Amino acid sequence: MDASLEHGHAEAGASHVSHVDDDQKVRIGMFLYVVTDILFALFLLISYLFLRANNTQGAWFPAGVPTLGGVQGIALLEAILLVVSGIAFIVAHVGVRGDNQTLTRIGVVIAALGWLVALIVQFYFAGHLPFVTTNGAFASIYITLTGYHLYHLLFAAPMMIGLTVRSLQGRYTAARHLGITTVGYFWYWAVILGIIIWLLPIVLPPQL
């Protein structure tokens, strides 16, 4: 009997160790993905700076190309939605770490709604840019950044749905909330990138 109990404890301990190791792999995997994503975004941002600084053959912002104009207000709206979503996600993370199911659910639902509306706004924004990729280097790189950001919002959609469903089911606890932690890595980075893309043409306008 004692031998069987010891065997059972050994199996439980091995299972626990394996489970912890798997959690660490998921965290590291998502962290490395976000780091890779940040590096690619930095490449695009450096390209913006390089093309703007050199203005090769006057191709950065050719005469006659329309400015962002009124659509900058749409970009501001999206940035605000992302900030609200990010803050709500922080609230959810604090709630789950404190084992507060109500706070977790409220935070995740608000974060998800903010993300969903931001996705709709981003679709509208991308479809109403006043130029195309052939209208100079600024238009080309800015449309690329806009599309890249749209990818982030779309990529997060299934994660957003999964987190919301699981949170409403009460499946996250102080001891088990790997999903909220790892999605948070991506979530916060996407919010930051959205703010950067909104600020970029304001801090470094296309007109030289």
# chains A, B, ... in the order shown; residues from 1 in each chain; ligands from 1
$ residues_around --residues "Leu45 (chain A)" --least-positions-apart "3" --cutoff "10 Å" --atoms "only C-alpha atoms" --output "short mmCIF file (atom, residue, chain, number, x, y, z; two decimals) with N, CA and C atoms, in the first residue's frame"
data_model
loop_
_atom_site.label_atom_id
_atom_site.label_comp_id
_atom_site.auth_asym_id
_atom_site.auth_seq_id
_atom_site.Cartn_x
_atom_site.Cartn_y
_atom_site.Cartn_z
N LEU A 39 10.90 43.73 -33.35
CA LEU A 39 12.06 43.96 -34.23
C LEU A 39 11.61 44.31 -35.65
N PHE A 40 10.57 43.60 -36.14
CA PHE A 40 10.07 43.91 -37.48
C PHE A 40 9.44 45.29 -37.52
N ALA A 41 8.70 45.65 -36.47
CA ALA A 41 8.11 46.98 -36.40
C ALA A 41 9.20 48.05 -36.37
N LEU A 42 10.28 47.79 -35.64
CA LEU A 42 11.40 48.73 -35.60
C LEU A 42 12.01 48.90 -36.99
N TYR A 48 10.94 54.39 -42.17
CA TYR A 48 10.24 55.67 -42.22
C TYR A 48 11.23 56.81 -42.00
N LEU A 49 12.04 56.68 -40.94
CA LEU A 49 13.01 57.72 -40.62
C LEU A 49 14.04 57.90 -41.73
N PHE A 50 14.53 56.78 -42.27
CA PHE A 50 15.56 56.83 -43.31
C PHE A 50 15.02 57.47 -44.58
N LEU A 51 13.84 57.04 -45.02
CA LEU A 51 13.27 57.57 -46.25
C LEU A 51 12.93 59.05 -46.10
N ILE A 141 5.18 53.56 -47.01
CA ILE A 141 5.56 53.04 -45.70
C ILE A 141 4.43 53.21 -44.70
N TYR A 142 3.63 54.28 -44.82
CA TYR A 142 2.55 54.49 -43.87
C TYR A 142 1.42 53.48 -44.08
N LEU A 145 2.61 50.27 -42.53
CA LEU A 145 2.46 50.29 -41.08
C LEU A 145 0.99 50.11 -40.67
N ILE A 196 2.07 54.51 -31.34
CA ILE A 196 3.23 54.97 -32.12
C ILE A 196 2.82 55.36 -33.53
N ILE A 197 1.99 54.53 -34.17
CA ILE A 197 1.56 54.81 -35.54
C ILE A 197 0.71 56.08 -35.60
N LEU A 200 3.32 59.04 -35.07
CA LEU A 200 4.41 59.16 -36.04
C LEU A 200 4.24 60.33 -37.01
#
$ closest_atom_pairs --of "region 10-106 of chain A" --to "region 146-170 of chain A" --cutoff "10 Å" --atoms "only C-alpha atoms" --output "CSV"
residue,atom,partner,partner_atom,distance
A:Asp37,CA,A:His152,CA,9.7
A:Phe40,CA,A:Tyr148,CA,9.9
A:Ala41,CA,A:Tyr148,CA,8.4
A:Leu44,CA,A:Tyr148,CA,9.6
A:Ala92,CA,A:Ser167,CA,9.4
A:Val96,CA,A:Ser167,CA,9.4
A:Asn100,CA,A:Gly170,CA,10.0
A:Gln101,CA,A:Gly170,CA,6.6
A:Thr102,CA,A:Leu168,CA,9.1
A:Thr104,CA,A:Ser167,CA,7.0
A:Arg105,CA,A:Ser167,CA,5.5
A:Ile106,CA,A:Leu168,CA,9.1
$ select_by_dssp --residues "region 71-179 of chain A" --states "alpha helix (DSSP H)" --output "PyMOL selection string"
chain A and resi 71-97+101-127+137-168+178-179
$ closest_atom_pairs --of "region 37-91 of chain A" --to "region 174-188 of chain A" --cutoff "12 Å" --atoms "only C-alpha atoms" --output "CSV"
residue,atom,partner,partner_atom,distance
A:Asp37,CA,A:Phe186,CA,9.2
A:Ile38,CA,A:Phe186,CA,10.0
A:Leu82,CA,A:Tyr188,CA,9.2
A:Val83,CA,A:Tyr188,CA,9.2
A:Val84,CA,A:Tyr188,CA,11.3
A:Ser85,CA,A:Trp187,CA,8.9
A:Gly86,CA,A:Tyr188,CA,6.2
A:Ile87,CA,A:Tyr188,CA,9.2
A:Ala88,CA,A:Tyr188,CA,10.9
A:Phe89,CA,A:Gly184,CA,7.5
A:Ile90,CA,A:Gly184,CA,8.3
A:Val91,CA,A:Ile180,CA,11.2
$ write_last_selection --atoms "C-alpha atoms" --output "CSV table (one decimal), in the first residue's frame"
chain,number,residue,atom,x,y,z
A,37,ASP,CA,7.3,41.3,-33.9
A,38,ILE,CA,8.9,44.4,-32.2
A,82,LEU,CA,-6.6,50.9,-27.5
A,83,VAL,CA,-5.5,52.7,-24.4
A,84,VAL,CA,-8.9,52.0,-22.7
A,85,SER,CA,-8.5,48.4,-23.8
A,86,GLY,CA,-5.0,48.1,-22.4
A,87,ILE,CA,-6.0,49.7,-19.1
A,88,ALA,CA,-9.0,47.3,-18.8
A,89,PHE,CA,-6.7,44.4,-19.5
A,90,ILE,CA,-4.4,45.5,-16.7
A,91,VAL,CA,-7.4,45.6,-14.4
$ residues_around --residues "Leu76 (chain A)" --least-positions-apart "4" --cutoff "10 Å" --atoms "only C-alpha atoms" --output "JSON, numbers by chain"
{"A": [71, 72, 80, 81, 82, 194, 195, 197, 198, 199]}
$ write_last_selection --atoms "C-alpha atoms" --output "PDB file, in the first residue's frame"
ATOM      1  CA  VAL A  71      -8.443  60.847 -40.972  1.00  0.00           C
ATOM      2  CA  GLN A  72      -5.988  61.731 -38.207  1.00  0.00           C
ATOM      3  CA  ILE A  80      -7.936  56.106 -27.324  1.00  0.00           C
ATOM      4  CA  LEU A  81      -9.854  52.834 -27.731  1.00  0.00           C
ATOM      5  CA  LEU A  82      -6.610  50.867 -27.533  1.00  0.00           C
ATOM      6  CA  GLY A 194      -1.095  51.657 -32.304  1.00  0.00           C
ATOM      7  CA  ILE A 195      -0.116  54.734 -30.303  1.00  0.00           C
ATOM      8  CA  ILE A 197       1.559  54.811 -35.544  1.00  0.00           C
ATOM      9  CA  TRP A 198      -0.861  57.558 -34.511  1.00  0.00           C
ATOM     10  CA  LEU A 199       1.956  59.788 -33.192  1.00  0.00           C
TER      11      LEU A 199
END
$ residues_around --residues "Pro206 (chain A)" --least-positions-apart "3" --cutoff "9 Å" --atoms "only C-alpha atoms" --output "list in words"
Arg52, Trp60, Phe61, Thr67, Phe138, Ala139, Pro201 and Ile202 of chain A
$ atom_distance --atom1 "CA of Pro205 (chain A)" --atom2 "CA of Leu119 (chain A)"
24.5 Å
$ residues_around --residues "Pro130 (chain A)" --least-positions-apart "4" --cutoff "10 Å" --atoms "only C-alpha atoms" --output "list in words"
Val65, Pro66, Thr67, Leu68, Gly69, Gly70, Val71, Phe125, Ala126, Asn135 and Ala139 of chain A
$ closest_residue --among "A:Gln24, A:Gln207, A:Ser47, A:Thr56" --to "Ser140 (chain A)" --atoms "only C-alpha atoms"
A:Ser47
$ closest_residue --among "A:Ala59, A:Leu204, A:Leu193, A:Leu103" --to "Glu78 (chain A)" --atoms "only C-alpha atoms"
A:Leu193
